[in-house]
>>> print(open('entry-v3.pdb').read())   # PDB, C-alpha atoms
ATOM      1  CA  MET B 680     -18.403-179.788 -52.584
ATOM      2  CA  ALA B 681     -14.861-181.052 -51.984
ATOM      3  CA  PRO B 682     -12.333-178.711 -50.351
ATOM      4  CA  GLN B 683     -10.257-176.716 -52.827
ATOM      5  CA  GLY B 684      -7.483-178.819 -54.312
ATOM      6  CA  GLN B 685      -8.673-182.061 -52.724
ATOM      7  CA  PRO B 686      -9.938-184.815 -55.067
ATOM      8  CA  GLU B 687     -13.048-186.695 -53.993
ATOM      9  CA  GLN B 688     -11.252-189.989 -54.514
ATOM     10  CA  VAL B 689      -7.672-191.121 -55.053
ATOM     11  CA  PRO B 690      -7.280-193.934 -57.598
ATOM     12  CA  ASP B 691      -5.073-196.912 -56.817
ATOM     13  CA  ASP B 692      -2.918-196.379 -59.918
ATOM     14  CA  GLY B 693       0.556-196.492 -58.394
ATOM     15  CA  LEU B 694       1.254-192.840 -59.259
ATOM     16  CA  THR B 695       2.512-190.263 -56.793
ATOM     17  CA  THR B 696       0.356-187.198 -56.120
ATOM     18  CA  ARG B 697       2.737-185.090 -58.241
ATOM     19  CA  GLN B 698       2.707-187.572 -61.126
ATOM     20  CA  ARG B 699      -1.070-187.729 -61.118
ATOM     21  CA  ARG B 700      -1.428-183.954 -60.863
ATOM     22  CA  ASP B 701       0.976-183.207 -63.726
ATOM     23  CA  ARG B 702      -0.611-185.415 -66.376
ATOM     24  CA  PRO B 703      -1.403-183.675 -69.682
ATOM     25  CA  LEU B 704      -5.109-182.996 -70.112
ATOM     26  CA  LEU B 705      -7.561-183.152 -72.993
ATOM     27  CA  ILE B 706     -10.185-180.474 -72.273
ATOM     28  CA  VAL B 707     -13.447-179.849 -74.130
ATOM     29  CA  HIS B 708     -15.635-176.734 -73.873
ATOM     30  CA  THR B 709     -18.987-177.371 -75.560
ATOM     31  CA  GLY B 710     -22.664-176.487 -75.287
ATOM     32  CA  THR B 711     -24.944-173.772 -76.641
ATOM     33  CA  GLY B 712     -23.918-171.062 -74.188
ATOM     34  CA  LYS B 713     -21.505-168.188 -74.704
ATOM     35  CA  GLY B 714     -17.954-168.430 -73.360
ATOM     36  CA  LYS B 715     -16.428-171.618 -74.790
ATOM     37  CA  SER B 716     -13.630-169.895 -76.707
ATOM     38  CA  THR B 717     -13.253-167.199 -74.057
ATOM     39  CA  ALA B 718     -12.591-169.847 -71.409
ATOM     40  CA  ALA B 719     -10.032-171.539 -73.659
ATOM     41  CA  PHE B 720      -8.234-168.246 -74.233
ATOM     42  CA  GLY B 721      -8.204-167.771 -70.467
ATOM     43  CA  LEU B 722      -6.277-171.050 -70.260
ATOM     44  CA  ALA B 723      -3.923-169.722 -72.939
ATOM     45  CA  LEU B 724      -3.318-166.678 -70.750
ATOM     46  CA  ARG B 725      -2.477-168.915 -67.799
ATOM     47  CA  GLY B 726      -0.182-171.003 -69.981
ATOM     48  CA  TRP B 727       1.602-167.890 -71.226
ATOM     49  CA  ALA B 728       2.114-166.778 -67.595
ATOM     50  CA  GLN B 729       3.678-170.177 -66.830
ATOM     51  CA  GLY B 730       6.155-169.699 -69.679
ATOM     52  CA  TRP B 731       4.550-172.335 -71.899
ATOM     53  CA  PRO B 732       4.661-172.163 -75.675
ATOM     54  CA  VAL B 733       1.018-171.810 -76.709
ATOM     55  CA  GLY B 734      -0.455-172.625 -80.119
ATOM     56  CA  VAL B 735      -3.894-171.284 -81.057
ATOM     57  CA  PHE B 736      -5.633-172.785 -84.098
ATOM     58  CA  GLN B 737      -8.940-171.194 -85.142
ATOM     59  CA  PHE B 738     -11.001-173.357 -87.462
ATOM     60  CA  VAL B 739     -14.097-171.310 -88.280
ATOM     61  CA  LYS B 740     -13.836-167.627 -87.406
ATOM     62  CA  SER B 741     -12.869-165.353 -90.276
ATOM     63  CA  ALA B 742      -9.164-164.647 -90.563
ATOM     64  CA  LYS B 743     -10.011-160.974 -91.078
ATOM     65  CA  TRP B 744     -11.734-160.801 -87.679
ATOM     66  CA  ARG B 745      -9.161-159.813 -85.055
ATOM     67  CA  ILE B 746     -10.682-160.803 -81.738
ATOM     68  CA  GLY B 747      -9.690-159.114 -78.509
ATOM     69  CA  GLU B 748      -8.018-162.196 -77.040
ATOM     70  CA  GLU B 749      -5.747-162.483 -80.061
ATOM     71  CA  LYS B 750      -4.666-158.856 -79.772
ATOM     72  CA  ALA B 751      -4.005-159.241 -76.029
ATOM     73  CA  LEU B 752      -2.102-162.519 -76.273
ATOM     74  CA  ARG B 753       0.026-161.270 -79.187
ATOM     75  CA  ALA B 754       0.904-158.147 -77.195
ATOM     76  CA  LEU B 755       1.840-160.226 -74.151
ATOM     77  CA  ALA B 756       3.964-162.581 -76.238
ATOM     78  CA  ASP B 757       5.839-159.573 -77.636
ATOM     79  CA  THR B 758       6.860-158.426 -74.142
ATOM     80  CA  GLY B 759       9.496-161.143 -73.836
ATOM     81  CA  HIS B 760       7.959-162.304 -70.567
ATOM     82  CA  GLY B 761       6.004-165.534 -70.246
ATOM     83  CA  GLY B 762       5.729-168.030 -73.048
ATOM     84  CA  THR B 763       5.391-167.698 -76.790
ATOM     85  CA  VAL B 764       2.005-167.481 -78.480
ATOM     86  CA  THR B 765       1.547-168.611 -82.076
ATOM     87  CA  TRP B 766      -1.827-167.847 -83.665
ATOM     88  CA  HIS B 767      -3.080-169.652 -86.779
ATOM     89  CA  LYS B 768      -6.333-168.589 -88.427
ATOM     90  CA  MET B 769      -8.386-170.281 -91.101
ATOM     91  CA  GLY B 770      -8.913-168.257 -94.239
ATOM     92  CA  SER B 771      -5.712-166.231 -94.375
ATOM     93  CA  GLY B 772      -3.712-169.125 -95.787
ATOM     94  CA  TRP B 773      -2.157-171.447 -93.246
ATOM     95  CA  SER B 774       1.424-170.327 -92.705
ATOM     96  CA  TRP B 775       2.793-173.806 -93.351
ATOM     97  CA  VAL B 776       0.911-174.426 -96.627
ATOM     98  CA  GLN B 777       2.734-173.702 -99.880
ATOM     99  CA  ARG B 778      -0.391-172.404-101.596
ATOM    100  CA  ARG B 779      -3.022-170.179-100.019
ATOM    101  CA  LEU B 780      -6.168-171.976 -98.908
ATOM    102  CA  GLU B 781      -8.884-169.394 -98.560
ATOM    103  CA  LEU B 782     -11.851-170.463 -96.447
ATOM    104  CA  ALA B 783     -14.333-169.567 -99.194
ATOM    105  CA  GLU B 784     -12.433-171.612-101.789
ATOM    106  CA  ASP B 785     -11.774-174.885-100.017
ATOM    107  CA  PRO B 786     -12.852-174.971 -96.375
ATOM    108  CA  ALA B 787     -12.606-178.753 -96.074
ATOM    109  CA  GLY B 788      -9.101-178.730 -97.536
ATOM    110  CA  ALA B 789      -8.040-175.896 -95.265
ATOM    111  CA  ALA B 790      -9.376-177.735 -92.217
ATOM    112  CA  ALA B 791      -7.567-180.934 -93.236
ATOM    113  CA  GLU B 792      -4.306-179.036 -93.769
ATOM    114  CA  GLY B 793      -4.752-177.351 -90.403
ATOM    115  CA  TRP B 794      -5.321-180.641 -88.618
ATOM    116  CA  ALA B 795      -2.331-182.222 -90.393
ATOM    117  CA  GLN B 796      -0.111-179.440 -89.025
ATOM    118  CA  ILE B 797      -1.511-179.861 -85.525
ATOM    119  CA  ALA B 798      -0.718-183.577 -85.718
ATOM    120  CA  ARG B 799       2.851-182.744 -86.776
ATOM    121  CA  ASP B 800       3.177-180.212 -83.949
ATOM    122  CA  LEU B 801       1.911-182.748 -81.406
ATOM    123  CA  ALA B 802       4.444-185.313 -82.640
ATOM    124  CA  ALA B 803       7.220-182.694 -82.404
ATOM    125  CA  GLN B 804       5.952-181.392 -79.028
ATOM    126  CA  THR B 805       5.940-177.855 -80.444
ATOM    127  CA  TYR B 806       3.589-176.401 -77.829
ATOM    128  CA  GLN B 807       2.657-177.151 -74.252
ATOM    129  CA  LEU B 808      -0.901-175.871 -74.702
ATOM    130  CA  TYR B 809      -2.976-176.169 -77.866
ATOM    131  CA  VAL B 810      -6.215-174.216 -78.252
ATOM    132  CA  LEU B 811      -8.184-175.880 -81.056
ATOM    133  CA  ASP B 812     -10.907-173.285 -81.339
ATOM    134  CA  GLU B 813     -14.169-174.496 -82.901
ATOM    135  CA  LEU B 814     -12.658-177.816 -83.986
ATOM    136  CA  THR B 815     -16.009-179.498 -83.277
ATOM    137  CA  TYR B 816     -17.482-177.974 -86.439
ATOM    138  CA  PRO B 817     -15.118-179.536 -89.040
ATOM    139  CA  LEU B 818     -15.409-182.780 -87.072
ATOM    140  CA  ARG B 819     -19.215-182.671 -87.345
ATOM    141  CA  TRP B 820     -19.086-181.715 -91.017
ATOM    142  CA  GLY B 821     -16.767-184.640 -91.828
ATOM    143  CA  TRP B 822     -13.883-182.425 -92.961
ATOM    144  CA  ILE B 823     -11.584-184.048 -90.390
ATOM    145  CA  ASP B 824     -11.761-187.706 -89.384
ATOM    146  CA  LEU B 825     -12.812-188.062 -85.737
ATOM    147  CA  ASP B 826     -11.145-191.445 -85.240
ATOM    148  CA  GLU B 827      -7.834-190.050 -86.488
ATOM    149  CA  VAL B 828      -8.108-187.051 -84.173
ATOM    150  CA  LEU B 829      -8.814-189.270 -81.175
ATOM    151  CA  ALA B 830      -5.924-191.578 -82.018
ATOM    152  CA  VAL B 831      -3.455-188.706 -82.452
ATOM    153  CA  LEU B 832      -4.565-187.040 -79.226
ATOM    154  CA  ALA B 833      -4.364-190.295 -77.271
ATOM    155  CA  ALA B 834      -0.832-190.961 -78.554
ATOM    156  CA  ARG B 835       0.552-187.446 -78.097
ATOM    157  CA  PRO B 836       3.957-187.600 -76.410
ATOM    158  CA  GLY B 837       5.344-185.539 -73.570
ATOM    159  CA  HIS B 838       3.360-183.015 -71.566
ATOM    160  CA  GLN B 839       0.955-181.344 -73.998
ATOM    161  CA  HIS B 840      -2.420-179.983 -72.924
ATOM    162  CA  VAL B 841      -5.145-179.668 -75.572
ATOM    163  CA  VAL B 842      -8.377-177.680 -75.260
ATOM    164  CA  ILE B 843     -11.072-178.043 -77.929
ATOM    165  CA  THR B 844     -14.046-175.708 -78.242
ATOM    166  CA  GLY B 845     -17.331-175.722 -80.145
ATOM    167  CA  ARG B 846     -20.951-176.756 -79.997
ATOM    168  CA  GLU B 847     -22.161-180.345 -80.226
ATOM    169  CA  ALA B 848     -18.847-182.030 -79.465
ATOM    170  CA  PRO B 849     -19.010-185.678 -80.602
ATOM    171  CA  ALA B 850     -19.766-188.188 -77.860
ATOM    172  CA  ALA B 851     -16.505-190.066 -78.510
ATOM    173  CA  LEU B 852     -14.528-186.862 -77.953
ATOM    174  CA  LEU B 853     -16.333-186.245 -74.671
ATOM    175  CA  ASP B 854     -15.563-189.818 -73.592
ATOM    176  CA  ALA B 855     -11.875-189.355 -74.398
ATOM    177  CA  ALA B 856     -11.581-186.002 -72.605
ATOM    178  CA  ASP B 857     -10.254-185.593 -69.072
ATOM    179  CA  LEU B 858     -12.260-182.409 -68.446
ATOM    180  CA  VAL B 859     -15.528-181.438 -70.109
ATOM    181  CA  THR B 860     -17.430-178.211 -69.488
ATOM    182  CA  GLU B 861     -20.822-177.606 -71.069
ATOM    183  CA  MET B 862     -21.817-173.968 -71.406
ATOM    184  CA  THR B 863     -25.602-173.733 -71.046
ATOM    185  CA  LYS B 864     -27.431-170.641 -72.231
ATOM    186  CA  VAL B 865     -29.924-169.315 -69.719
ATOM    187  CA  LYS B 866     -30.405-165.880 -71.253
ATOM    188  CA  HIS B 867     -28.687-163.871 -74.013
ATOM    189  CA  PRO B 868     -29.204-160.357 -75.466
ATOM    190  CA  MET B 869     -29.670-161.938 -78.911
ATOM    191  CA  ASP B 870     -32.934-163.403 -77.587
ATOM    192  CA  VAL B 871     -34.398-159.895 -77.752
ATOM    193  CA  GLY B 872     -32.743-158.912 -81.026
ATOM    194  CA  GLN B 873     -29.520-157.337 -79.757
ATOM    195  CA  LYS B 874     -26.500-158.091 -81.920
ATOM    196  CA  GLY B 875     -23.018-158.801 -80.613
ATOM    197  CA  GLN B 876     -21.010-155.840 -79.411
ATOM    198  CA  ARG B 877     -17.398-154.752 -79.177
ATOM    199  CA  GLY B 878     -15.681-155.842 -75.962
ATOM    200  CA  ILE B 879     -18.277-158.527 -75.243
ATOM    201  CA  GLU B 880     -18.282-160.747 -78.336
ATOM    202  CA  TRP B 881     -14.891-159.706 -79.764
TER     203      TRP B 881
END
>>> encode(input="entry-v3.pdb", output="structure tokens")
Amino acid sequence: MAPQGQPEQVPDDGLTTRQRRDRPLLIVHTGTGKGKSTAAFGLALRGWAQGWPVGVFQFVKSAKWRIGEEKALRALADTGHGGTVTWHKMGSGWSWVQRRLELAEDPAGAAAEGWAQIARDLAAQTYQLYVLDELTYPLRWGWIDLDEVLAVLAARPGHQHVVITGREAPAALLDAADLVTEMTKVKHPMDVGQKGQRGIEW
């Protein structure tokens, strides 16, 4: 294992250590294990502490389900310390869409509208950290075009970090990412019939 903070190799790319360290990252959390979204929200917490504007976009979870991380990050954003946190949830009508797009009515349309707004925000450099929670699912289902997503992410201007979560991330997304973590399930209470519980799953 390399010493903390020391890369195993230094590329001959002409960049200074600071320039190389401060590059914006595309991060993917995938795999069958628990913790993909939780890890992404941990990054959002770090971003908030750095004073970054953070945008969270949830693609699958019900808009009526208020998860613990959302409650905590909203409360922190309201303190006036740290950065701003903007939270967008599928199913409650995207805040930038003229008409309401309920998840049950038109999930593919809602996902497409959500992605279109993310693309606009990336072009405008609205946030410094984007959490695209469970984006892998609409990508797998064909609701959002993978090639378009990869092109937009590759061309994003400025210093914008993006973290994408969800199972079965497409191979092309993994290839494009700078950092990929695969959560592997070894054991889970659901294996013996225990349902999710407050404070652990939400």
>>> residues_around(input="entry-v3.pdb", residues="B:Val707", least_positions_apart="5", cutoff="8 Å", atoms="all atoms listed in the file", output="VMD selection string")
chain B and resid 842 to 844 848 853 856 858 to 860
>>> resolve_selection(input="entry-v3.pdb", expression="the PyMOL selection byres ((chain B and resi 851) around 12)", output="PyMOL selection string")
chain B and resi 707+815+818-819+825-830+847-850+852-856
>>> atom_distance(input="entry-v3.pdb", atom1="atom CA of B:Lys713", atom2="atom CA of B:Glu792")
27.9 Å
>>> atom_distance(input="entry-v3.pdb", atom1="atom CA of B:Lys864", atom2="atom CA of B:Asp812")
19.1 Å
>>> atom_distance(input="entry-v3.pdb", atom1="atom CA of B:Lys874", atom2="atom CA of B:Lys715")
18.3 Å
>>> resolve_selection(input="entry-v3.pdb", expression="the PyMOL selection byres ((chain B and resi 787) around 8)", output="count of residues only")
9
>>> resolve_selection(input="entry-v3.pdb", expression="the PyMOL selection byres ((chain B and resi 723) around 9)", output="PDB file with C-alpha atoms, in the frame of the given file")
ATOM      1  CA  ALA B 718     -12.591-169.847 -71.409  1.00  0.00           C
ATOM      2  CA  ALA B 719     -10.032-171.539 -73.659  1.00  0.00           C
ATOM      3  CA  PHE B 720      -8.234-168.246 -74.233  1.00  0.00           C
ATOM      4  CA  GLY B 721      -8.204-167.771 -70.467  1.00  0.00           C
ATOM      5  CA  LEU B 722      -6.277-171.050 -70.260  1.00  0.00           C
ATOM      6  CA  LEU B 724      -3.318-166.678 -70.750  1.00  0.00           C
ATOM      7  CA  ARG B 725      -2.477-168.915 -67.799  1.00  0.00           C
ATOM      8  CA  GLY B 726      -0.182-171.003 -69.981  1.00  0.00           C
ATOM      9  CA  TRP B 727       1.602-167.890 -71.226  1.00  0.00           C
ATOM     10  CA  ALA B 728       2.114-166.778 -67.595  1.00  0.00           C
ATOM     11  CA  TRP B 731       4.550-172.335 -71.899  1.00  0.00           C
ATOM     12  CA  VAL B 733       1.018-171.810 -76.709  1.00  0.00           C
ATOM     13  CA  GLY B 734      -0.455-172.625 -80.119  1.00  0.00           C
ATOM     14  CA  VAL B 735      -3.894-171.284 -81.057  1.00  0.00           C
ATOM     15  CA  LEU B 752      -2.102-162.519 -76.273  1.00  0.00           C
ATOM     16  CA  VAL B 764       2.005-167.481 -78.480  1.00  0.00           C
ATOM     17  CA  LEU B 808      -0.901-175.871 -74.702  1.00  0.00           C
ATOM     18  CA  TYR B 809      -2.976-176.169 -77.866  1.00  0.00           C
ATOM     19  CA  VAL B 810      -6.215-174.216 -78.252  1.00  0.00           C
TER      20      VAL B 810
END
>>> closest_residue(input="entry-v3.pdb", among="B:Arg846, B:Gly747, B:Thr863, B:Gln685", to="B:Arg877", atoms="only C-alpha atoms")
B:Gly747
>>> residues_around(input="entry-v3.pdb", residues="B:Arg702", least_positions_apart="3", cutoff="12 Å", atoms="all atoms listed in the file", output="NGL selection string")
:B and (694-699 or 705 or 807 or 835-841 or 857)
>>> residues_around(input="entry-v3.pdb", residues="B:Gly878", least_positions_apart="5", cutoff="12 Å", atoms="only C-alpha atoms", output="mmCIF file with C-alpha atoms, in the coordinates of the input")
data_model
loop_
_atom_site.group_PDB
_atom_site.id
_atom_site.type_symbol
_atom_site.label_atom_id
_atom_site.label_comp_id
_atom_site.auth_asym_id
_atom_site.auth_seq_id
_atom_site.Cartn_x
_atom_site.Cartn_y
_atom_site.Cartn_z
ATOM 1 C CA THR B 717 -13.253 -167.199 -74.057
ATOM 2 C CA ARG B 745 -9.161 -159.813 -85.055
ATOM 3 C CA ILE B 746 -10.682 -160.803 -81.738
ATOM 4 C CA GLY B 747 -9.690 -159.114 -78.509
ATOM 5 C CA GLU B 748 -8.018 -162.196 -77.040
#
>>> closest_residue(input="entry-v3.pdb", among="B:Thr709, B:Thr765, B:Tyr816, B:Pro703", to="B:Glu749", atoms="all atoms listed in the file")
B:Thr765
>>> closest_residue(input="entry-v3.pdb", among="B:Gln688, B:Arg753, B:Leu814, B:Leu832", to="B:Ala802", atoms="all atoms listed in the file")
B:Leu832
